[in-house]
Amino acid sequence: MHSTIKNTIKENKNQVIRFCQDLVKIPTQNPPKENYNQIIERIKKELGNQFDCKIYYENTKPNLIVKWIIGGKKTIHINSHYDVVPAKGDWKTEPFDPQIQDNKIYGRGSADCKSNICVSIYAIKLMKKINLEPSCNVELSFTCDEESGGFDGMGSLVKNKIISPDYAIIADGPVKGINNAHKGVLALNITVIGKSSHAGWPHKGKNAFIIACKLAEELDKLNLKYKDIKSKCDSKLPRVSLRLNPWRYGRGACRLGCVPV
Ligand SMILES: [Zn+2]
């Protein structure tokens with residue numbers, strides 16, 4: 001069976017690569033949350049009609065759930081998101097015209113996480129092809145808005161109890177292999193209020209910018225404390241950290257997940 005699996009993957013390699021390139025070509029940038037319906041249609045087309053597919057809309061945005069029910073007692077769920085961060089900055093290749101170099105696909109979202117969409121779809125498609133039945137029911141989901149918190153994507157599916165699997169794998173990002181933890185996030189906006197005065201008499205006012213700089217320095221020192229906090233499980237993820245980001249200042253500054261440059 002092992003060699004059958006290997007050979008089937010080899011035989012379908014070009015198809016998987018083409019599918020991944022097709023997905024990267026659809027700019028599902030978030031913001032502005034564009035082409036969501038278009039990518040769902042493309043994913044559905046690749047799946048064909050051998051699986052049960054259903055679209056759940058949240059605030060007009062689609063989330064696709066694919067089911068392969070074998071009558072098992074347990075269900076495993078594999079999720080990938082289809083939105084990508086905007087293709088800003090300097091690119092050596094066109095972000096939405098994916099190129100293959102050194103066995104890698106270069107394009108916005110190829111790693112995070114359109115290749116994962118391809119892998120999970122081809123995992124079940126090829127298993128069907130060689131009559132390899134899973135040991136439990138398999139559910140896949142392709143969800144929106146992960147790059148902005150996922151509230152209308154995976155958040156909505158869980159909150160509305162549309163999915164409630166026994167096991168789940170989040171197929172996302174560039175971590176190699178299976179990692180048994182996920183970093184959470186807490187985002188806070190801090191407003192520093194000063195006191196206006198004439199520039200000639202600055203001592204009569206309170207410069208909010210200077211206060212913010214001092215505050216930023218103090219908050220950044222917390223990172224020294226955080227370096228001793230370790231995950232309870234054996235995780236490959238980086239340690240807990242605090243990142244300060246001047247709102248709407250510098251490249252990447254508006255994105256929750258980026259350090260500004
Ligand atoms: Zn991701």
# chains A, B, ... in the order shown; residues from 1 in each chain; ligands from 1
>>> residues_near_ligand(ligand="ligand 1", cutoff="9 Å", atoms="only C-alpha atoms and all ligand atoms", output="list in words")
Ser80, His81, Tyr82, Asp83, Val84, Val85, Gly109, Ala111, Asp112, Cys113, Lys114, Glu146, Glu147, Ala171, Asp172, Gly173 and Pro174 of chain A
>>> residues_around(residues="A:Leu132", least_positions_apart="3", cutoff="12 Å", atoms="only C-alpha atoms", output="NGL selection string")
:A and (1-2 or 4-5 or 8 or 70 or 123-129 or 135-136)
>>> select_by_dssp(residues="stretch 32-126 of chain A", states="strand (DSSP E or B)", output="list in words")
Asp52, Cys53, Lys54, Ile55, Tyr56, Tyr57, Glu58, Lys61, Pro62, Asn63, Leu64, Ile65, Val66, Lys67, Trp68, Thr75, Ile76, His77, Ile78, Asn79, Ser80, His81, Val84, Gln99, Ile100, Gln101, Lys104, Ile105 and Tyr106 of chain A
>>> closest_residue(among="A:Leu237, A:Asn245, A:Pro62, A:Ser141", to="A:Ile190", atoms="only C-alpha atoms")
A:Asn245
>>> residues_around(residues="A:Ile17", least_positions_apart="4", cutoff="12 Å", atoms="only C-alpha atoms", output="NGL selection string")
:A and (9-13 or 21-24 or 98-100 or 103-106 or 110 or 114-119 or 122)
>>> closest_residue(among="A:Lys230, A:Lys88, A:Lys159, A:Lys236", to="A:Lys176", atoms="only C-alpha atoms")
A:Lys236
>>> select_by_dssp(residues="stretch 150-234 of chain A", states="alpha helix (DSSP H)", output="PyMOL selection string")
chain A and resi 154-159+208-226
>>> closest_residue(among="A:Thr60, A:Ser241, A:Ser164, A:Asn14", to="A:Ile78", atoms="only C-alpha atoms")
A:Ser164
>>> closest_residue(among="A:Leu140, A:Val16, A:Ile39, A:Ile26", to="A:Asp52", atoms="only C-alpha atoms")
A:Leu140
>>> closest_residue(among="A:Leu64, A:Leu157, A:Cys233, A:Leu244", to="A:Glu218", atoms="only C-alpha atoms")
A:Leu244
>>> closest_residue(among="A:Lys183, A:Arg243, A:Lys67, A:Arg108", to="A:Pro27", atoms="only C-alpha atoms")
A:Arg108
>>> decode(residues="stretch 127-260 of chain A", atoms="C-alpha atoms", output="PDB file, in the first residue's frame")
ATOM      1  CA  MET A 127      -7.347   8.168  -1.018  1.00  0.00           C
ATOM      2  CA  LYS A 128     -10.670   7.704  -2.809  1.00  0.00           C
ATOM      3  CA  LYS A 129      -8.882   6.967  -6.030  1.00  0.00           C
ATOM      4  CA  ILE A 130      -6.916   4.067  -4.561  1.00  0.00           C
ATOM      5  CA  ASN A 131      -9.811   2.895  -2.356  1.00  0.00           C
ATOM      6  CA  LEU A 132      -8.026   3.752   0.859  1.00  0.00           C
ATOM      7  CA  GLU A 133     -10.685   4.403   3.474  1.00  0.00           C
ATOM      8  CA  PRO A 134      -9.873   6.615   6.488  1.00  0.00           C
ATOM      9  CA  SER A 135     -10.399   5.227   9.992  1.00  0.00           C
ATOM     10  CA  CYS A 136     -12.812   8.048  10.869  1.00  0.00           C
ATOM     11  CA  ASN A 137     -15.045  10.588   9.104  1.00  0.00           C
ATOM     12  CA  VAL A 138     -13.121  13.380   7.422  1.00  0.00           C
ATOM     13  CA  GLU A 139     -14.247  16.997   7.245  1.00  0.00           C
ATOM     14  CA  LEU A 140     -12.410  19.792   5.477  1.00  0.00           C
ATOM     15  CA  SER A 141     -13.158  23.478   5.709  1.00  0.00           C
ATOM     16  CA  PHE A 142     -11.907  26.406   3.657  1.00  0.00           C
ATOM     17  CA  THR A 143     -12.638  29.597   5.500  1.00  0.00           C
ATOM     18  CA  CYS A 144     -12.469  33.361   5.082  1.00  0.00           C
ATOM     19  CA  ASP A 145     -10.925  36.200   7.047  1.00  0.00           C
ATOM     20  CA  GLU A 146      -8.236  34.334   9.021  1.00  0.00           C
ATOM     21  CA  GLU A 147      -5.890  37.218   8.353  1.00  0.00           C
ATOM     22  CA  SER A 148      -8.243  39.577  10.200  1.00  0.00           C
ATOM     23  CA  GLY A 149      -9.205  37.377  13.130  1.00  0.00           C
ATOM     24  CA  GLY A 150     -11.360  34.721  11.434  1.00  0.00           C
ATOM     25  CA  PHE A 151     -14.591  35.825  13.120  1.00  0.00           C
ATOM     26  CA  ASP A 152     -16.728  35.277   9.999  1.00  0.00           C
ATOM     27  CA  GLY A 153     -14.682  32.202   9.054  1.00  0.00           C
ATOM     28  CA  MET A 154     -13.676  29.470  11.497  1.00  0.00           C
ATOM     29  CA  GLY A 155     -15.009  31.579  14.377  1.00  0.00           C
ATOM     30  CA  SER A 156     -18.507  31.507  12.925  1.00  0.00           C
ATOM     31  CA  LEU A 157     -18.422  27.754  12.146  1.00  0.00           C
ATOM     32  CA  VAL A 158     -17.484  26.934  15.737  1.00  0.00           C
ATOM     33  CA  LYS A 159     -19.780  29.514  17.355  1.00  0.00           C
ATOM     34  CA  ASN A 160     -22.795  28.371  15.360  1.00  0.00           C
ATOM     35  CA  LYS A 161     -21.917  24.703  16.005  1.00  0.00           C
ATOM     36  CA  ILE A 162     -21.739  23.987  12.294  1.00  0.00           C
ATOM     37  CA  ILE A 163     -18.701  21.869  13.077  1.00  0.00           C
ATOM     38  CA  SER A 164     -17.883  19.953  16.263  1.00  0.00           C
ATOM     39  CA  PRO A 165     -15.165  17.437  15.364  1.00  0.00           C
ATOM     40  CA  ASP A 166     -13.339  15.073  17.705  1.00  0.00           C
ATOM     41  CA  TYR A 167      -9.948  16.009  16.288  1.00  0.00           C
ATOM     42  CA  ALA A 168      -8.761  19.005  14.297  1.00  0.00           C
ATOM     43  CA  ILE A 169      -5.724  19.967  12.282  1.00  0.00           C
ATOM     44  CA  ILE A 170      -5.186  23.582  11.267  1.00  0.00           C
ATOM     45  CA  ALA A 171      -3.285  23.319   8.005  1.00  0.00           C
ATOM     46  CA  ASP A 172      -1.821  26.796   7.904  1.00  0.00           C
ATOM     47  CA  GLY A 173       1.471  28.594   7.610  1.00  0.00           C
ATOM     48  CA  PRO A 174       5.030  27.494   7.104  1.00  0.00           C
ATOM     49  CA  VAL A 175       5.638  25.321  10.214  1.00  0.00           C
ATOM     50  CA  LYS A 176       7.023  21.961   9.068  1.00  0.00           C
ATOM     51  CA  GLY A 177       5.280  18.841  10.287  1.00  0.00           C
ATOM     52  CA  ILE A 178       2.481  18.721  12.846  1.00  0.00           C
ATOM     53  CA  ASN A 179       2.747  21.129  15.733  1.00  0.00           C
ATOM     54  CA  ASN A 180       0.621  20.581  18.838  1.00  0.00           C
ATOM     55  CA  ALA A 181       0.000  24.201  19.799  1.00  0.00           C
ATOM     56  CA  HIS A 182      -1.167  27.494  18.376  1.00  0.00           C
ATOM     57  CA  LYS A 183      -0.290  31.008  19.467  1.00  0.00           C
ATOM     58  CA  GLY A 184      -3.140  33.168  20.616  1.00  0.00           C
ATOM     59  CA  VAL A 185      -3.320  36.908  20.286  1.00  0.00           C
ATOM     60  CA  LEU A 186      -4.471  39.833  22.375  1.00  0.00           C
ATOM     61  CA  ALA A 187      -4.571  43.181  20.572  1.00  0.00           C
ATOM     62  CA  LEU A 188      -5.015  46.424  22.453  1.00  0.00           C
ATOM     63  CA  ASN A 189      -5.225  50.002  21.221  1.00  0.00           C
ATOM     64  CA  ILE A 190      -3.628  52.497  23.572  1.00  0.00           C
ATOM     65  CA  THR A 191      -4.545  56.169  23.332  1.00  0.00           C
ATOM     66  CA  VAL A 192      -2.166  58.641  24.938  1.00  0.00           C
ATOM     67  CA  ILE A 193      -3.736  62.005  25.677  1.00  0.00           C
ATOM     68  CA  GLY A 194      -1.531  65.084  26.086  1.00  0.00           C
ATOM     69  CA  LYS A 195      -2.232  68.757  26.647  1.00  0.00           C
ATOM     70  CA  SER A 196      -1.984  71.268  23.828  1.00  0.00           C
ATOM     71  CA  SER A 197       0.095  74.411  24.137  1.00  0.00           C
ATOM     72  CA  HIS A 198       1.888  76.894  21.884  1.00  0.00           C
ATOM     73  CA  ALA A 199       5.197  75.562  20.520  1.00  0.00           C
ATOM     74  CA  GLY A 200       6.904  78.601  22.023  1.00  0.00           C
ATOM     75  CA  TRP A 201       5.778  77.516  25.508  1.00  0.00           C
ATOM     76  CA  PRO A 202       6.030  73.737  25.315  1.00  0.00           C
ATOM     77  CA  HIS A 203       6.417  73.500  29.120  1.00  0.00           C
ATOM     78  CA  LYS A 204       2.790  74.618  29.449  1.00  0.00           C
ATOM     79  CA  GLY A 205       1.561  71.528  27.580  1.00  0.00           C
ATOM     80  CA  LYS A 206       2.066  67.771  27.740  1.00  0.00           C
ATOM     81  CA  ASN A 207       3.537  66.217  24.587  1.00  0.00           C
ATOM     82  CA  ALA A 208       1.516  63.055  23.948  1.00  0.00           C
ATOM     83  CA  PHE A 209       4.174  61.756  21.528  1.00  0.00           C
ATOM     84  CA  ILE A 210       6.942  61.910  24.128  1.00  0.00           C
ATOM     85  CA  ILE A 211       4.722  60.213  26.720  1.00  0.00           C
ATOM     86  CA  ALA A 212       3.892  57.491  24.163  1.00  0.00           C
ATOM     87  CA  CYS A 213       7.616  56.946  23.480  1.00  0.00           C
ATOM     88  CA  LYS A 214       8.347  56.485  27.200  1.00  0.00           C
ATOM     89  CA  LEU A 215       5.374  54.138  27.550  1.00  0.00           C
ATOM     90  CA  ALA A 216       6.521  52.128  24.513  1.00  0.00           C
ATOM     91  CA  GLU A 217       9.973  51.705  26.017  1.00  0.00           C
ATOM     92  CA  GLU A 218       8.542  50.438  29.304  1.00  0.00           C
ATOM     93  CA  LEU A 219       6.162  48.028  27.564  1.00  0.00           C
ATOM     94  CA  ASP A 220       8.958  46.695  25.356  1.00  0.00           C
ATOM     95  CA  LYS A 221      10.905  45.755  28.513  1.00  0.00           C
ATOM     96  CA  LEU A 222       8.163  43.201  29.286  1.00  0.00           C
ATOM     97  CA  ASN A 223       9.638  41.054  26.507  1.00  0.00           C
ATOM     98  CA  LEU A 224      12.582  40.333  28.829  1.00  0.00           C
ATOM     99  CA  LYS A 225      10.154  38.753  31.316  1.00  0.00           C
ATOM    100  CA  TYR A 226       8.294  36.834  28.611  1.00  0.00           C
ATOM    101  CA  LYS A 227      11.403  35.044  27.394  1.00  0.00           C
ATOM    102  CA  ASP A 228      11.228  32.732  30.429  1.00  0.00           C
ATOM    103  CA  ILE A 229       7.615  31.687  29.753  1.00  0.00           C
ATOM    104  CA  LYS A 230       7.577  28.284  28.127  1.00  0.00           C
ATOM    105  CA  SER A 231       4.714  26.406  26.466  1.00  0.00           C
ATOM    106  CA  LYS A 232       3.316  23.520  28.528  1.00  0.00           C
ATOM    107  CA  CYS A 233       3.467  21.269  25.507  1.00  0.00           C
ATOM    108  CA  ASP A 234       6.417  20.416  23.336  1.00  0.00           C
ATOM    109  CA  SER A 235       5.846  23.097  20.722  1.00  0.00           C
ATOM    110  CA  LYS A 236       7.920  24.404  17.847  1.00  0.00           C
ATOM    111  CA  LEU A 237       6.327  27.823  18.111  1.00  0.00           C
ATOM    112  CA  PRO A 238       8.278  30.941  19.065  1.00  0.00           C
ATOM    113  CA  ARG A 239       7.957  32.199  22.637  1.00  0.00           C
ATOM    114  CA  VAL A 240       5.355  34.620  24.015  1.00  0.00           C
ATOM    115  CA  SER A 241       6.081  38.155  22.883  1.00  0.00           C
ATOM    116  CA  LEU A 242       4.760  41.681  22.969  1.00  0.00           C
ATOM    117  CA  ARG A 243       4.957  43.780  19.849  1.00  0.00           C
ATOM    118  CA  LEU A 244       4.316  47.507  19.681  1.00  0.00           C
ATOM    119  CA  ASN A 245       2.981  48.964  16.496  1.00  0.00           C
ATOM    120  CA  PRO A 246       2.347  52.661  15.818  1.00  0.00           C
ATOM    121  CA  TRP A 247      -1.076  52.615  14.236  1.00  0.00           C
ATOM    122  CA  ARG A 248      -0.987  53.607  10.557  1.00  0.00           C
ATOM    123  CA  TYR A 249       2.698  54.386  10.554  1.00  0.00           C
ATOM    124  CA  GLY A 250       5.302  52.641   8.411  1.00  0.00           C
ATOM    125  CA  ARG A 251       5.117  49.583   6.164  1.00  0.00           C
ATOM    126  CA  GLY A 252       3.225  46.683   7.671  1.00  0.00           C
ATOM    127  CA  ALA A 253       2.131  48.811  10.593  1.00  0.00           C
ATOM    128  CA  CYS A 254      -1.591  48.386   9.910  1.00  0.00           C
ATOM    129  CA  ARG A 255      -1.383  44.576  10.042  1.00  0.00           C
ATOM    130  CA  LEU A 256      -1.852  42.804  13.320  1.00  0.00           C
ATOM    131  CA  GLY A 257       0.584  40.086  12.299  1.00  0.00           C
ATOM    132  CA  CYS A 258       3.504  42.273  11.113  1.00  0.00           C
ATOM    133  CA  VAL A 259       6.369  44.115  12.703  1.00  0.00           C
ATOM    134  CA  PRO A 260       6.490  47.600  11.082  1.00  0.00           C
TER     135      PRO A 260
END
